[in-house]
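Read through the structure below, which is laid out as structure tokens, and then see the notes.
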Amino acid sequence: MSAARLVLLISGGGRTALNIARVIDRGNLDAEIALVIASRQCAGVERCRAQGLKVQIENGILDSDRLSSLLDDARADLVCMAGYLKLLPIPEKWRGRILNIHPSLLPKFGGAGMYGDRVHRAVLEAREQISGCTVHLCTDEFDRGPIVVQRTCPVLPDDTPETLAARVFEQECAAYPEAIRITLRNLPRNADA
């Protein structure tokens, strides 16, 4: 069977997309990145292109029809939101086939406006002793879908949002490929691929 075709969605630096590409390149994930969709011109666009990935910029919010068209054209098997900051309207055909990663242990510290350092600051302000990341299936609400993988890390007494973010990202680098593997095992492959 051919490698699964992934479409990645980004809005920022592209670190998560590049991590997935590295895992594939090392032979630790039987997949290929068919397309990277960016919600705007951002650092991740050039970083992904520099790695030889096909990148398309779709400014603003993608509507359901446009998203379906892009995914069909890419012959995608699975969609991975990788720091994509827009709420995605999920076409019926793609329900259960779009993953997102969030830098907290959902349901805590999720929802609209909770991303990046905002999440880590909230974790520290709440005096949590454990943080981590969550990979979940997307629904029509921010950070609400069924959880596929969670990984934890300690919150240290002298943590700043930046030091905690670095420790959480280490967990993200392992969690997302694991969640992709789990999800692909449960999905039929695109018949056109």
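Order determines the names: the first chain of the structure tokens is A, the second B, and so forth; residues in each chain are numbered 1 upward, and ligands are numbered 1 upward as they are shown.
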
Give the strand (DSSP E) residues of chain A, as DSSP finds them on the backbone, and put them as a PyMOL selection string. chain A and resi 4-10+31-38+55-57+78-81+98-102+130-137+147-154

Residues within 12 Å of A:Glu170, only C-alpha atoms, excluding chain neighbours under 6 positions, as number ranges by chain: A: 15-16, 19, 103, 131-133, 151-153, 163-164, 176

Spatial neighbours of stretch 140-146 of chain A, max dist 12 Å, only C-alpha atoms, sep filter under 3 positions, as number ranges by chain: A: 64, 81, 84-92, 94-115, 133-137, 149-150, 179, 183

Could you check the closest approach to A:Ser11 for each of A:Pro177, A:Gly27, A:Gly116, A:Gly52 and tell me which residue wins, using only C-alpha atoms?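 Closest to A:Ser11, using only C-alpha atoms: A:Gly116.
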
Just list the residues in stretch 28-119 of chain A DSSP gives alpha helix (DSSP H) on the backbone, as a PyMOL selection string. chain A and resi 43-50+64-73+117-119

For the selection you just gave me, I'd like the residues written to a file as a JSON list (two decimals), in the first residue's frame, keeping N, CA, C and O atoms.
[["chain", "number", "residue", "atom", "x", "y", "z"],
["A", 43, "ALA", "N", 6.41, 32.79, 8.38],
["A", 43, "ALA", "CA", 7.74, 32.19, 8.33],
["A", 43, "ALA", "C", 7.69, 30.73, 7.89],
["A", 43, "ALA", "O", 8.58, 30.23, 7.20],
["A", 44, "GLY", "N", 6.63, 30.03, 8.28],
["A", 44, "GLY", "CA", 6.50, 28.62, 7.93],
["A", 44, "GLY", "C", 6.42, 28.37, 6.44],
["A", 44, "GLY", "O", 6.82, 27.29, 5.97],
["A", 45, "VAL", "N", 5.91, 29.33, 5.67],
["A", 45, "VAL", "CA", 5.80, 29.15, 4.22],
["A", 45, "VAL", "C", 7.18, 28.92, 3.62],
["A", 45, "VAL", "O", 7.41, 27.94, 2.91],
["A", 46, "GLU", "N", 8.11, 29.82, 3.90],
["A", 46, "GLU", "CA", 9.46, 29.68, 3.33],
["A", 46, "GLU", "C", 10.21, 28.50, 3.93],
["A", 46, "GLU", "O", 10.95, 27.82, 3.22],
["A", 47, "ARG", "N", 10.02, 28.24, 5.21],
["A", 47, "ARG", "CA", 10.69, 27.09, 5.84],
["A", 47, "ARG", "C", 10.24, 25.78, 5.20],
["A", 47, "ARG", "O", 11.04, 24.89, 4.95],
["A", 48, "CYS", "N", 8.93, 25.65, 4.97],
["A", 48, "CYS", "CA", 8.42, 24.42, 4.35],
["A", 48, "CYS", "C", 8.88, 24.31, 2.90],
["A", 48, "CYS", "O", 9.26, 23.23, 2.45],
["A", 49, "ARG", "N", 8.85, 25.43, 2.18],
["A", 49, "ARG", "CA", 9.32, 25.40, 0.78],
["A", 49, "ARG", "C", 10.80, 25.02, 0.73],
["A", 49, "ARG", "O", 11.22, 24.29, -0.18],
["A", 50, "ALA", "N", 11.58, 25.51, 1.68],
["A", 50, "ALA", "CA", 13.01, 25.20, 1.72],
["A", 50, "ALA", "C", 13.25, 23.70, 1.92],
["A", 50, "ALA", "O", 14.30, 23.18, 1.52],
["A", 64, "SER", "N", -15.94, 25.68, 3.48],
["A", 64, "SER", "CA", -16.02, 24.23, 3.39],
["A", 64, "SER", "C", -15.78, 23.73, 1.95],
["A", 64, "SER", "O", -15.08, 22.74, 1.74],
["A", 65, "ASP", "N", -16.36, 24.42, 0.98],
["A", 65, "ASP", "CA", -16.21, 23.99, -0.42],
["A", 65, "ASP", "C", -14.77, 24.13, -0.89],
["A", 65, "ASP", "O", -14.24, 23.24, -1.56],
["A", 66, "ARG", "N", -14.13, 25.25, -0.54],
["A", 66, "ARG", "CA", -12.74, 25.47, -0.96],
["A", 66, "ARG", "C", -11.83, 24.43, -0.30],
["A", 66, "ARG", "O", -10.94, 23.87, -0.94],
["A", 67, "LEU", "N", -12.05, 24.18, 0.99],
["A", 67, "LEU", "CA", -11.25, 23.18, 1.69],
["A", 67, "LEU", "C", -11.41, 21.81, 1.04],
["A", 67, "LEU", "O", -10.43, 21.13, 0.76],
["A", 68, "SER", "N", -12.65, 21.42, 0.76],
["A", 68, "SER", "CA", -12.89, 20.12, 0.11],
["A", 68, "SER", "C", -12.17, 20.02, -1.23],
["A", 68, "SER", "O", -11.57, 19.00, -1.54],
["A", 69, "SER", "N", -12.22, 21.10, -2.00],
["A", 69, "SER", "CA", -11.57, 21.12, -3.30],
["A", 69, "SER", "C", -10.06, 20.93, -3.17],
["A", 69, "SER", "O", -9.44, 20.13, -3.89],
["A", 70, "LEU", "N", -9.45, 21.66, -2.22],
["A", 70, "LEU", "CA", -8.00, 21.53, -2.01],
["A", 70, "LEU", "C", -7.62, 20.13, -1.58],
["A", 70, "LEU", "O", -6.63, 19.56, -2.05],
["A", 71, "LEU", "N", -8.40, 19.55, -0.67],
["A", 71, "LEU", "CA", -8.09, 18.21, -0.16],
["A", 71, "LEU", "C", -8.28, 17.15, -1.23],
["A", 71, "LEU", "O", -7.49, 16.22, -1.35],
["A", 72, "ASP", "N", -9.34, 17.30, -2.02],
["A", 72, "ASP", "CA", -9.57, 16.35, -3.12],
["A", 72, "ASP", "C", -8.45, 16.44, -4.16],
["A", 72, "ASP", "O", -7.95, 15.42, -4.63],
["A", 73, "ASP", "N", -8.06, 17.67, -4.51],
["A", 73, "ASP", "CA", -6.99, 17.85, -5.49],
["A", 73, "ASP", "C", -5.68, 17.24, -5.01],
["A", 73, "ASP", "O", -4.90, 16.72, -5.80],
["A", 117, "ASP", "N", 2.00, 31.06, 23.66],
["A", 117, "ASP", "CA", 2.38, 31.46, 25.02],
["A", 117, "ASP", "C", 1.19, 31.78, 25.91],
["A", 117, "ASP", "O", 1.30, 31.72, 27.13],
["A", 118, "ARG", "N", 0.05, 32.12, 25.32],
["A", 118, "ARG", "CA", -1.16, 32.37, 26.13],
["A", 118, "ARG", "C", -1.52, 31.14, 26.94],
["A", 118, "ARG", "O", -1.92, 31.23, 28.09],
["A", 119, "VAL", "N", -1.37, 29.96, 26.31],
["A", 119, "VAL", "CA", -1.69, 28.71, 26.99],
["A", 119, "VAL", "C", -0.70, 28.48, 28.13],
["A", 119, "VAL", "O", -1.09, 28.19, 29.27]]

Expressed in Å, the length from atom CA of A:Glu172 to atom CA of A:Glu128 is 18.5 Å

What separates atom CA of A:Gly83 and atom CA of A:Ile37 is a distance of 11.1 Å

Two-atom distance - atom CA of A:Arg185, atom CA of A:Gln56 (Å):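 For atom CA of A:Arg185 relative to atom CA of A:Gln56, the distance reads 27.6 Å.
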